[in-house]
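What follows is my_file20.txt (compact mmCIF, N, CA and C atoms).
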```txt
# COMPACT_ATOMS: atom_id res chain seq x y z
N MET A 43 20.65 44.64 3.70
CA MET A 43 20.81 45.67 2.68
C MET A 43 20.67 45.04 1.30
N VAL A 44 19.95 45.74 0.43
CA VAL A 44 19.73 45.25 -0.92
C VAL A 44 20.80 45.82 -1.83
N SER A 45 21.43 44.94 -2.61
CA SER A 45 22.42 45.40 -3.57
C SER A 45 21.72 46.16 -4.69
N THR A 46 22.27 47.30 -5.07
CA THR A 46 21.67 48.11 -6.14
C THR A 46 22.35 47.84 -7.47
N ARG A 47 23.24 46.89 -7.48
CA ARG A 47 23.97 46.56 -8.70
C ARG A 47 23.02 46.02 -9.76
N GLY A 48 23.09 46.57 -10.95
CA GLY A 48 22.25 46.12 -12.04
C GLY A 48 20.83 46.64 -12.00
N VAL A 49 20.52 47.50 -11.04
CA VAL A 49 19.18 48.06 -10.93
C VAL A 49 19.18 49.47 -11.51
N ARG A 50 18.29 49.70 -12.46
CA ARG A 50 18.18 51.03 -13.07
C ARG A 50 17.00 51.77 -12.47
N VAL A 51 17.25 53.00 -12.11
CA VAL A 51 16.17 53.82 -11.58
C VAL A 51 15.72 54.80 -12.66
N LYS A 52 14.42 55.04 -12.73
CA LYS A 52 13.87 55.96 -13.72
C LYS A 52 13.90 57.40 -13.23
N PHE A 53 13.90 57.57 -11.91
CA PHE A 53 13.81 58.90 -11.32
C PHE A 53 14.89 59.06 -10.26
N SER A 54 15.34 60.28 -10.07
CA SER A 54 16.42 60.51 -9.10
C SER A 54 15.93 61.38 -7.95
N GLU A 55 16.65 61.32 -6.86
CA GLU A 55 16.30 62.12 -5.68
C GLU A 55 16.31 63.59 -6.05
N GLY A 56 15.29 64.31 -5.61
CA GLY A 56 15.17 65.73 -5.88
C GLY A 56 14.45 66.06 -7.18
N GLU A 57 14.18 65.04 -8.00
CA GLU A 57 13.53 65.27 -9.29
C GLU A 57 12.04 65.60 -9.11
N ARG A 58 11.59 66.60 -9.85
CA ARG A 58 10.17 66.95 -9.88
C ARG A 58 9.47 65.97 -10.82
N VAL A 59 8.40 65.38 -10.33
CA VAL A 59 7.67 64.37 -11.09
C VAL A 59 6.17 64.59 -10.91
N LEU A 60 5.39 63.75 -11.58
CA LEU A 60 3.95 63.68 -11.35
C LEU A 60 3.69 62.30 -10.76
N CYS A 61 2.83 62.24 -9.75
CA CYS A 61 2.57 60.97 -9.09
C CYS A 61 1.07 60.75 -8.98
N TYR A 62 0.64 59.55 -9.35
CA TYR A 62 -0.75 59.17 -9.20
C TYR A 62 -1.13 59.13 -7.73
N GLU A 63 -2.37 59.42 -7.44
CA GLU A 63 -2.91 59.26 -6.08
C GLU A 63 -2.71 57.79 -5.68
N PRO A 64 -1.95 57.53 -4.60
CA PRO A 64 -1.67 56.14 -4.23
C PRO A 64 -2.84 55.41 -3.57
N ASP A 65 -3.83 56.14 -3.08
CA ASP A 65 -4.96 55.52 -2.40
C ASP A 65 -6.00 55.09 -3.43
N PRO A 66 -6.23 53.77 -3.59
CA PRO A 66 -7.15 53.29 -4.62
C PRO A 66 -8.61 53.67 -4.37
N THR A 67 -8.94 54.12 -3.16
CA THR A 67 -10.32 54.52 -2.86
C THR A 67 -10.60 55.96 -3.27
N LYS A 68 -9.56 56.68 -3.70
CA LYS A 68 -9.72 58.08 -4.08
C LYS A 68 -9.66 58.21 -5.60
N ALA A 69 -9.96 59.41 -6.09
CA ALA A 69 -9.96 59.67 -7.53
C ALA A 69 -8.57 59.44 -8.12
N LYS A 70 -8.56 58.94 -9.36
CA LYS A 70 -7.28 58.70 -10.04
C LYS A 70 -6.83 60.02 -10.66
N VAL A 71 -5.95 60.72 -9.95
CA VAL A 71 -5.42 61.99 -10.42
C VAL A 71 -3.91 61.99 -10.27
N LEU A 72 -3.27 62.94 -10.93
CA LEU A 72 -1.81 63.10 -10.84
C LEU A 72 -1.50 64.36 -10.05
N TYR A 73 -0.60 64.25 -9.09
CA TYR A 73 -0.20 65.38 -8.26
C TYR A 73 1.22 65.82 -8.62
N ASP A 74 1.47 67.13 -8.53
CA ASP A 74 2.83 67.65 -8.63
C ASP A 74 3.59 67.10 -7.42
N SER A 75 4.73 66.51 -7.67
CA SER A 75 5.44 65.80 -6.60
C SER A 75 6.94 65.94 -6.77
N LYS A 76 7.64 65.44 -5.76
CA LYS A 76 9.10 65.45 -5.78
C LYS A 76 9.60 64.14 -5.17
N VAL A 77 10.61 63.56 -5.80
CA VAL A 77 11.22 62.34 -5.26
C VAL A 77 12.15 62.75 -4.12
N LEU A 78 11.83 62.27 -2.93
CA LEU A 78 12.69 62.56 -1.77
C LEU A 78 13.81 61.54 -1.63
N GLU A 79 13.48 60.29 -1.98
CA GLU A 79 14.47 59.22 -1.79
C GLU A 79 14.13 58.04 -2.70
N VAL A 80 15.15 57.39 -3.21
CA VAL A 80 14.99 56.14 -3.95
C VAL A 80 15.21 55.02 -2.94
N VAL A 81 14.23 54.12 -2.83
CA VAL A 81 14.27 53.05 -1.83
C VAL A 81 14.40 51.71 -2.55
N PHE A 82 15.43 50.95 -2.19
CA PHE A 82 15.66 49.63 -2.79
C PHE A 82 15.21 48.56 -1.81
N ASN A 83 14.29 47.71 -2.25
CA ASN A 83 13.76 46.63 -1.42
C ASN A 83 13.78 45.33 -2.21
N LYS A 84 13.30 44.28 -1.57
CA LYS A 84 13.05 43.01 -2.26
C LYS A 84 11.57 42.70 -2.11
N ASP A 85 10.98 42.15 -3.18
CA ASP A 85 9.58 41.77 -3.10
C ASP A 85 9.46 40.42 -2.39
N GLY A 86 8.26 39.88 -2.31
CA GLY A 86 8.01 38.62 -1.61
C GLY A 86 8.77 37.44 -2.18
N LYS A 87 9.20 37.54 -3.45
CA LYS A 87 9.94 36.46 -4.09
C LYS A 87 11.44 36.70 -4.10
N GLY A 88 11.88 37.74 -3.39
CA GLY A 88 13.31 38.02 -3.30
C GLY A 88 13.88 38.84 -4.45
N ARG A 89 13.03 39.30 -5.35
CA ARG A 89 13.51 40.11 -6.48
C ARG A 89 13.68 41.56 -6.05
N LYS A 90 14.69 42.21 -6.63
CA LYS A 90 14.93 43.62 -6.33
C LYS A 90 13.75 44.46 -6.80
N GLN A 91 13.41 45.43 -6.00
CA GLN A 91 12.27 46.27 -6.30
C GLN A 91 12.63 47.71 -5.92
N ILE A 92 12.22 48.64 -6.77
CA ILE A 92 12.50 50.05 -6.51
C ILE A 92 11.21 50.75 -6.11
N GLU A 93 11.28 51.52 -5.06
CA GLU A 93 10.17 52.39 -4.66
C GLU A 93 10.73 53.80 -4.50
N TYR A 94 9.83 54.74 -4.53
CA TYR A 94 10.23 56.14 -4.39
C TYR A 94 9.46 56.76 -3.24
N LEU A 95 10.19 57.43 -2.35
CA LEU A 95 9.53 58.22 -1.31
C LEU A 95 9.15 59.53 -1.96
N ILE A 96 7.86 59.81 -2.03
CA ILE A 96 7.32 60.95 -2.76
C ILE A 96 6.75 61.99 -1.81
N HIS A 97 7.08 63.25 -2.09
CA HIS A 97 6.45 64.37 -1.38
C HIS A 97 5.49 65.03 -2.37
N PHE A 98 4.24 65.18 -1.96
CA PHE A 98 3.23 65.84 -2.79
C PHE A 98 3.30 67.33 -2.52
N GLN A 99 3.62 68.11 -3.56
CA GLN A 99 3.82 69.55 -3.42
C GLN A 99 2.57 70.21 -2.84
N GLY A 100 2.77 71.05 -1.82
CA GLY A 100 1.67 71.75 -1.18
C GLY A 100 1.01 70.96 -0.07
N TRP A 101 1.44 69.74 0.16
CA TRP A 101 0.87 68.89 1.21
C TRP A 101 1.87 68.79 2.36
N ASN A 102 1.36 68.55 3.53
CA ASN A 102 2.18 68.35 4.71
C ASN A 102 3.02 67.08 4.53
N ALA A 103 4.20 67.06 5.13
CA ALA A 103 5.11 65.90 5.00
C ALA A 103 4.49 64.62 5.55
N SER A 104 3.46 64.72 6.38
CA SER A 104 2.82 63.51 6.90
C SER A 104 2.13 62.73 5.79
N TRP A 105 1.91 63.37 4.62
CA TRP A 105 1.29 62.71 3.48
C TRP A 105 2.33 62.08 2.53
N ASP A 106 3.61 62.22 2.80
CA ASP A 106 4.64 61.61 1.97
C ASP A 106 4.42 60.10 1.94
N ARG A 107 4.63 59.50 0.78
CA ARG A 107 4.38 58.07 0.62
C ARG A 107 5.46 57.39 -0.21
N CYS A 108 5.69 56.11 0.06
CA CYS A 108 6.54 55.28 -0.79
C CYS A 108 5.63 54.64 -1.83
N VAL A 109 6.00 54.80 -3.09
CA VAL A 109 5.20 54.23 -4.18
C VAL A 109 6.10 53.51 -5.16
N SER A 110 5.53 52.57 -5.89
CA SER A 110 6.29 51.85 -6.91
C SER A 110 6.44 52.73 -8.15
N GLU A 111 7.33 52.31 -9.04
CA GLU A 111 7.63 53.10 -10.24
C GLU A 111 6.40 53.36 -11.10
N ASP A 112 5.44 52.44 -11.11
CA ASP A 112 4.29 52.64 -11.99
C ASP A 112 3.36 53.75 -11.53
N PHE A 113 3.57 54.32 -10.35
CA PHE A 113 2.78 55.45 -9.89
C PHE A 113 3.39 56.79 -10.28
N VAL A 114 4.63 56.77 -10.78
CA VAL A 114 5.39 58.00 -11.01
C VAL A 114 5.61 58.23 -12.50
N LEU A 115 5.42 59.47 -12.93
CA LEU A 115 5.65 59.86 -14.32
C LEU A 115 6.61 61.03 -14.39
N LYS A 116 7.36 61.10 -15.48
CA LYS A 116 8.21 62.27 -15.73
C LYS A 116 7.33 63.51 -15.86
N ASP A 117 7.85 64.66 -15.49
CA ASP A 117 7.13 65.92 -15.62
C ASP A 117 7.36 66.45 -17.04
N THR A 118 6.48 66.02 -17.97
CA THR A 118 6.58 66.43 -19.37
C THR A 118 5.28 67.11 -19.78
N ASP A 119 5.29 67.81 -20.91
CA ASP A 119 4.08 68.45 -21.41
C ASP A 119 2.97 67.43 -21.64
N GLU A 120 3.34 66.29 -22.20
CA GLU A 120 2.36 65.23 -22.47
C GLU A 120 1.71 64.73 -21.17
N ASN A 121 2.53 64.52 -20.14
CA ASN A 121 2.00 64.05 -18.86
C ASN A 121 1.22 65.14 -18.14
N ARG A 122 1.57 66.41 -18.38
CA ARG A 122 0.78 67.52 -17.83
C ARG A 122 -0.62 67.53 -18.46
N ASP A 123 -0.70 67.22 -19.76
CA ASP A 123 -2.00 67.11 -20.42
C ASP A 123 -2.83 66.00 -19.78
N LEU A 124 -2.19 64.86 -19.52
CA LEU A 124 -2.86 63.75 -18.86
C LEU A 124 -3.35 64.18 -17.47
N GLN A 125 -2.51 64.93 -16.76
CA GLN A 125 -2.88 65.43 -15.43
C GLN A 125 -4.16 66.26 -15.51
N ARG A 126 -4.24 67.16 -16.51
CA ARG A 126 -5.43 67.99 -16.67
C ARG A 126 -6.66 67.15 -17.01
N GLN A 127 -6.49 66.17 -17.89
CA GLN A 127 -7.61 65.30 -18.28
C GLN A 127 -8.15 64.53 -17.08
N LEU A 128 -7.25 63.98 -16.28
CA LEU A 128 -7.67 63.22 -15.09
C LEU A 128 -8.35 64.12 -14.08
N ALA A 129 -7.84 65.34 -13.92
CA ALA A 129 -8.45 66.30 -12.98
C ALA A 129 -9.85 66.67 -13.46
N ASP A 130 -10.02 66.86 -14.75
CA ASP A 130 -11.34 67.19 -15.30
C ASP A 130 -12.32 66.04 -15.07
N LYS A 131 -11.88 64.80 -15.31
CA LYS A 131 -12.74 63.64 -15.08
C LYS A 131 -13.13 63.53 -13.60
N ALA A 132 -12.17 63.75 -12.73
CA ALA A 132 -12.44 63.66 -11.29
C ALA A 132 -13.44 64.74 -10.87
N GLN A 133 -13.31 65.93 -11.44
CA GLN A 133 -14.23 67.03 -11.11
C GLN A 133 -15.64 66.70 -11.59
N ILE A 134 -15.76 66.12 -12.78
CA ILE A 134 -17.07 65.75 -13.32
C ILE A 134 -17.72 64.69 -12.42
N LYS A 135 -16.95 63.67 -12.02
CA LYS A 135 -17.49 62.63 -11.14
C LYS A 135 -17.94 63.23 -9.81
N LEU A 136 -17.14 64.15 -9.27
CA LEU A 136 -17.47 64.79 -8.00
C LEU A 136 -18.77 65.58 -8.12
N SER A 137 -18.92 66.33 -9.20
CA SER A 137 -20.14 67.13 -9.37
C SER A 137 -21.35 66.22 -9.60
N MET A 138 -21.16 65.08 -10.29
CA MET A 138 -22.27 64.14 -10.48
C MET A 138 -22.70 63.55 -9.14
N LYS A 139 -21.75 63.22 -8.29
CA LYS A 139 -22.07 62.69 -6.97
C LYS A 139 -22.83 63.71 -6.14
N SER A 140 -22.35 64.96 -6.15
CA SER A 140 -23.00 65.98 -5.33
C SER A 140 -24.41 66.28 -5.84
N ASN A 141 -24.65 66.18 -7.15
CA ASN A 141 -25.99 66.37 -7.69
C ASN A 141 -26.93 65.27 -7.23
N ARG A 142 -26.44 64.04 -7.16
CA ARG A 142 -27.27 62.93 -6.67
C ARG A 142 -27.65 63.13 -5.23
N VAL A 143 -26.72 63.64 -4.44
CA VAL A 143 -27.00 63.88 -3.02
C VAL A 143 -28.07 64.96 -2.90
N LEU A 144 -27.96 66.02 -3.70
CA LEU A 144 -28.95 67.10 -3.64
C LEU A 144 -30.32 66.63 -4.07
N ILE A 145 -30.38 65.74 -5.04
CA ILE A 145 -31.66 65.25 -5.55
C ILE A 145 -32.22 64.18 -4.60
N GLY A 146 -31.36 63.58 -3.82
CA GLY A 146 -31.81 62.56 -2.88
C GLY A 146 -31.64 61.16 -3.39
N GLY A 147 -30.90 61.00 -4.48
CA GLY A 147 -30.67 59.68 -5.07
C GLY A 147 -29.56 58.94 -4.34
N PRO A 148 -29.37 57.68 -4.69
CA PRO A 148 -28.30 56.89 -4.05
C PRO A 148 -26.92 57.36 -4.50
N LEU A 149 -25.95 57.13 -3.65
CA LEU A 149 -24.57 57.49 -3.99
C LEU A 149 -23.93 56.42 -4.79
```
Write out the structure in this file as structure tokens.
Amino acid sequence: MVSTRGVRVKFSEGERVLCYEPDPTKAKVLYDSKVLEVVFNKDGKGRKQIEYLIHFQGWNASWDRCVSEDFVLKDTDENRDLQRQLADKAQIKLSMKSNRVLIGGPL
């Protein structure tokens, strides 16, 4: 068991947050999410590390993931703007890819 003494958490269980797509092979977007659990671990060097078990709203629980703090953002107006910007960029990239496929160009 990892001692939680002296460890500050940025997010609490049940809190609505925005979470980056954890899969690096997919588009960098922010999803509406909820913190299910705060998980205390140790990294490879024995240092305390905080992860969050995240549920992505509208997704099946099989997609729930543990992510580090840097994947999670507070649900604020500013971060909602970022979410929209990232979604727009992802949509543009997707449409550019599909146009290349239609034209017969390389992916």
request  = Can you work out which one of A:Asn83, A:Gln127, A:Thr118, A:Gln91 has the shortest atom-to-atom distance to Leu60 (chain A), counting only N, CA and C atoms?
outcome  =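 With only N, CA and C atoms as the atom set, the closest residue is A:Thr118.
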query = When distances are computed from all atoms listed in the file, which of A:Asp123, A:Asp106, A:Asp74, A:Asp85 shows the smallest separation from Val59 (chain A)?
reply = A:Asp74
query = Given the choices A:Leu78, A:Met138, A:Val71, A:Lys90, which gets closest to Val49 (chain A) if the distance is worked out from only N, CA and C atoms?
reply = A:Lys90
query = How far is it from atom N of Gln99 (chain A) to CA of Ser75 (chain A), in Å with one decimal?
reply =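 According to the coordinates, atom N of Gln99 (chain A) and CA of Ser75 (chain A) are separated by 4.2 Å.
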task = Calculate how many Å separate CA of Leu136 (chain A) from CA of Lys68 (chain A), rounding to one decimal.
result =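 One can read the CA of Leu136 (chain A) to CA of Lys68 (chain A) distance as 11.0 Å.
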query = Can you tell me, as an NGL selection string, which residues sit within 8 Å of (3.6, 60.9, -3.1) in the file's frame, using only C-alpha atoms?
reply = :A and (61-64 or 73 or 75-76 or 95-98 or 105-109)
As a compact mmCIF listing (two decimals) with N, CA and C atoms, in the coordinates of the input, which residues of region 66-103 of chain A does DSSP assign to strand (DSSP E or B)?
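Ended up saving to states_23.txt:
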```txt
# COMPACT_ATOMS: atom_id res chain seq x y z
N LEU A 72 -3.27 62.94 -10.93
CA LEU A 72 -1.81 63.10 -10.84
C LEU A 72 -1.50 64.36 -10.05
N TYR A 73 -0.60 64.25 -9.09
CA TYR A 73 -0.20 65.38 -8.26
C TYR A 73 1.22 65.82 -8.62
N ASP A 74 1.47 67.13 -8.53
CA ASP A 74 2.83 67.65 -8.63
C ASP A 74 3.59 67.10 -7.42
N SER A 75 4.73 66.51 -7.67
CA SER A 75 5.44 65.80 -6.60
C SER A 75 6.94 65.94 -6.77
N LYS A 76 7.64 65.44 -5.76
CA LYS A 76 9.10 65.45 -5.78
C LYS A 76 9.60 64.14 -5.17
N VAL A 77 10.61 63.56 -5.80
CA VAL A 77 11.22 62.34 -5.26
C VAL A 77 12.15 62.75 -4.12
N LEU A 78 11.83 62.27 -2.93
CA LEU A 78 12.69 62.56 -1.77
C LEU A 78 13.81 61.54 -1.63
N GLU A 79 13.48 60.29 -1.98
CA GLU A 79 14.47 59.22 -1.79
C GLU A 79 14.13 58.04 -2.70
N VAL A 80 15.15 57.39 -3.21
CA VAL A 80 14.99 56.14 -3.95
C VAL A 80 15.21 55.02 -2.94
N VAL A 81 14.23 54.12 -2.83
CA VAL A 81 14.27 53.05 -1.83
C VAL A 81 14.40 51.71 -2.55
N PHE A 82 15.43 50.95 -2.19
CA PHE A 82 15.66 49.63 -2.79
C PHE A 82 15.21 48.56 -1.81
N ASN A 83 14.29 47.71 -2.25
CA ASN A 83 13.76 46.63 -1.42
C ASN A 83 13.78 45.33 -2.21
N LYS A 84 13.30 44.28 -1.57
CA LYS A 84 13.05 43.01 -2.26
C LYS A 84 11.57 42.70 -2.11
N LYS A 90 14.69 42.21 -6.63
CA LYS A 90 14.93 43.62 -6.33
C LYS A 90 13.75 44.46 -6.80
N GLN A 91 13.41 45.43 -6.00
CA GLN A 91 12.27 46.27 -6.30
C GLN A 91 12.63 47.71 -5.92
N ILE A 92 12.22 48.64 -6.77
CA ILE A 92 12.50 50.05 -6.51
C ILE A 92 11.21 50.75 -6.11
N GLU A 93 11.28 51.52 -5.06
CA GLU A 93 10.17 52.39 -4.66
C GLU A 93 10.73 53.80 -4.50
N TYR A 94 9.83 54.74 -4.53
CA TYR A 94 10.23 56.14 -4.39
C TYR A 94 9.46 56.76 -3.24
N LEU A 95 10.19 57.43 -2.35
CA LEU A 95 9.53 58.22 -1.31
C LEU A 95 9.15 59.53 -1.96
N ILE A 96 7.86 59.81 -2.03
CA ILE A 96 7.32 60.95 -2.76
C ILE A 96 6.75 61.99 -1.81
N HIS A 97 7.08 63.25 -2.09
CA HIS A 97 6.45 64.37 -1.38
C HIS A 97 5.49 65.03 -2.37
N PHE A 98 4.24 65.18 -1.96
CA PHE A 98 3.23 65.84 -2.79
C PHE A 98 3.30 67.33 -2.52
```
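When CA of Phe113 (chain A) is paired with atom C of Leu72 (chain A), their separation reads 9.9 Å.
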message = Considering only helix (DSSP H, G or I) as DSSP defines it on the backbone, what residues of chain A qualify? List them as JSON, numbers by chain.
response = {"A": [103, 104, 105, 111, 112, 113, 119, 120, 121, 122, 123, 124, 125, 126, 127, 128, 129, 130, 131, 132, 133, 134, 135, 136, 137, 138, 139, 140, 141, 142, 143, 144, 145]}
With N, CA and C atoms retained, could you export that selection as an mmCIF file, in the frame of the given file?
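Below is the file part18.cif, written as the result:
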```
data_model
loop_
_atom_site.group_PDB
_atom_site.id
_atom_site.type_symbol
_atom_site.label_atom_id
_atom_site.label_comp_id
_atom_site.auth_asym_id
_atom_site.auth_seq_id
_atom_site.Cartn_x
_atom_site.Cartn_y
_atom_site.Cartn_z
ATOM 1 N N ALA A 103 4.200 67.060 5.130
ATOM 2 C CA ALA A 103 5.110 65.900 5.000
ATOM 3 C C ALA A 103 4.490 64.620 5.550
ATOM 4 N N SER A 104 3.460 64.720 6.380
ATOM 5 C CA SER A 104 2.820 63.510 6.900
ATOM 6 C C SER A 104 2.130 62.730 5.790
ATOM 7 N N TRP A 105 1.910 63.370 4.620
ATOM 8 C CA TRP A 105 1.290 62.710 3.480
ATOM 9 C C TRP A 105 2.330 62.080 2.530
ATOM 10 N N GLU A 111 7.330 52.310 -9.040
ATOM 11 C CA GLU A 111 7.630 53.100 -10.240
ATOM 12 C C GLU A 111 6.400 53.360 -11.100
ATOM 13 N N ASP A 112 5.440 52.440 -11.110
ATOM 14 C CA ASP A 112 4.290 52.640 -11.990
ATOM 15 C C ASP A 112 3.360 53.750 -11.530
ATOM 16 N N PHE A 113 3.570 54.320 -10.350
ATOM 17 C CA PHE A 113 2.780 55.450 -9.890
ATOM 18 C C PHE A 113 3.390 56.790 -10.280
ATOM 19 N N ASP A 119 5.290 67.810 -20.910
ATOM 20 C CA ASP A 119 4.080 68.450 -21.410
ATOM 21 C C ASP A 119 2.970 67.430 -21.640
ATOM 22 N N GLU A 120 3.340 66.290 -22.200
ATOM 23 C CA GLU A 120 2.360 65.230 -22.470
ATOM 24 C C GLU A 120 1.710 64.730 -21.170
ATOM 25 N N ASN A 121 2.530 64.520 -20.140
ATOM 26 C CA ASN A 121 2.000 64.050 -18.860
ATOM 27 C C ASN A 121 1.220 65.140 -18.140
ATOM 28 N N ARG A 122 1.570 66.410 -18.380
ATOM 29 C CA ARG A 122 0.780 67.520 -17.830
ATOM 30 C C ARG A 122 -0.620 67.530 -18.460
ATOM 31 N N ASP A 123 -0.700 67.220 -19.760
ATOM 32 C CA ASP A 123 -2.000 67.110 -20.420
ATOM 33 C C ASP A 123 -2.830 66.000 -19.780
ATOM 34 N N LEU A 124 -2.190 64.860 -19.520
ATOM 35 C CA LEU A 124 -2.860 63.750 -18.860
ATOM 36 C C LEU A 124 -3.350 64.180 -17.470
ATOM 37 N N GLN A 125 -2.510 64.930 -16.760
ATOM 38 C CA GLN A 125 -2.880 65.430 -15.430
ATOM 39 C C GLN A 125 -4.160 66.260 -15.510
ATOM 40 N N ARG A 126 -4.240 67.160 -16.510
ATOM 41 C CA ARG A 126 -5.430 67.990 -16.670
ATOM 42 C C ARG A 126 -6.660 67.150 -17.010
ATOM 43 N N GLN A 127 -6.490 66.170 -17.890
ATOM 44 C CA GLN A 127 -7.610 65.300 -18.280
ATOM 45 C C GLN A 127 -8.150 64.530 -17.080
ATOM 46 N N LEU A 128 -7.250 63.980 -16.280
ATOM 47 C CA LEU A 128 -7.670 63.220 -15.090
ATOM 48 C C LEU A 128 -8.350 64.120 -14.080
ATOM 49 N N ALA A 129 -7.840 65.340 -13.920
ATOM 50 C CA ALA A 129 -8.450 66.300 -12.980
ATOM 51 C C ALA A 129 -9.850 66.670 -13.460
ATOM 52 N N ASP A 130 -10.020 66.860 -14.750
ATOM 53 C CA ASP A 130 -11.340 67.190 -15.300
ATOM 54 C C ASP A 130 -12.320 66.040 -15.070
ATOM 55 N N LYS A 131 -11.880 64.800 -15.310
ATOM 56 C CA LYS A 131 -12.740 63.640 -15.080
ATOM 57 C C LYS A 131 -13.130 63.530 -13.600
ATOM 58 N N ALA A 132 -12.170 63.750 -12.730
ATOM 59 C CA ALA A 132 -12.440 63.660 -11.290
ATOM 60 C C ALA A 132 -13.440 64.740 -10.870
ATOM 61 N N GLN A 133 -13.310 65.930 -11.440
ATOM 62 C CA GLN A 133 -14.230 67.030 -11.110
ATOM 63 C C GLN A 133 -15.640 66.700 -11.590
ATOM 64 N N ILE A 134 -15.760 66.120 -12.780
ATOM 65 C CA ILE A 134 -17.070 65.750 -13.320
ATOM 66 C C ILE A 134 -17.720 64.690 -12.420
ATOM 67 N N LYS A 135 -16.950 63.670 -12.020
ATOM 68 C CA LYS A 135 -17.490 62.630 -11.140
ATOM 69 C C LYS A 135 -17.940 63.230 -9.810
ATOM 70 N N LEU A 136 -17.140 64.150 -9.270
ATOM 71 C CA LEU A 136 -17.470 64.790 -8.000
ATOM 72 C C LEU A 136 -18.770 65.580 -8.120
ATOM 73 N N SER A 137 -18.920 66.330 -9.200
ATOM 74 C CA SER A 137 -20.140 67.130 -9.370
ATOM 75 C C SER A 137 -21.350 66.220 -9.600
ATOM 76 N N MET A 138 -21.160 65.080 -10.290
ATOM 77 C CA MET A 138 -22.270 64.140 -10.480
ATOM 78 C C MET A 138 -22.700 63.550 -9.140
ATOM 79 N N LYS A 139 -21.750 63.220 -8.290
ATOM 80 C CA LYS A 139 -22.070 62.690 -6.970
ATOM 81 C C LYS A 139 -22.830 63.710 -6.140
ATOM 82 N N SER A 140 -22.350 64.960 -6.150
ATOM 83 C CA SER A 140 -23.000 65.980 -5.330
ATOM 84 C C SER A 140 -24.410 66.280 -5.840
ATOM 85 N N ASN A 141 -24.650 66.180 -7.150
ATOM 86 C CA ASN A 141 -25.990 66.370 -7.690
ATOM 87 C C ASN A 141 -26.930 65.270 -7.230
ATOM 88 N N ARG A 142 -26.440 64.040 -7.160
ATOM 89 C CA ARG A 142 -27.270 62.930 -6.670
ATOM 90 C C ARG A 142 -27.650 63.130 -5.230
ATOM 91 N N VAL A 143 -26.720 63.640 -4.440
ATOM 92 C CA VAL A 143 -27.000 63.880 -3.020
ATOM 93 C C VAL A 143 -28.070 64.960 -2.900
ATOM 94 N N LEU A 144 -27.960 66.020 -3.700
ATOM 95 C CA LEU A 144 -28.950 67.100 -3.640
ATOM 96 C C LEU A 144 -30.320 66.630 -4.070
ATOM 97 N N ILE A 145 -30.380 65.740 -5.040
ATOM 98 C CA ILE A 145 -31.660 65.250 -5.550
ATOM 99 C C ILE A 145 -32.220 64.180 -4.600
#
```
Taking every listed atom of region 83-98 of chain A and adding 3 Å to each side, what centre and edge lengths in Å (one decimal) does the axis-aligned box have, as JSON?
```
{"center_x": 9.1, "center_y": 51.9, "center_z": -4.1, "size_x": 17.7, "size_y": 36.9, "size_z": 11.5}
```
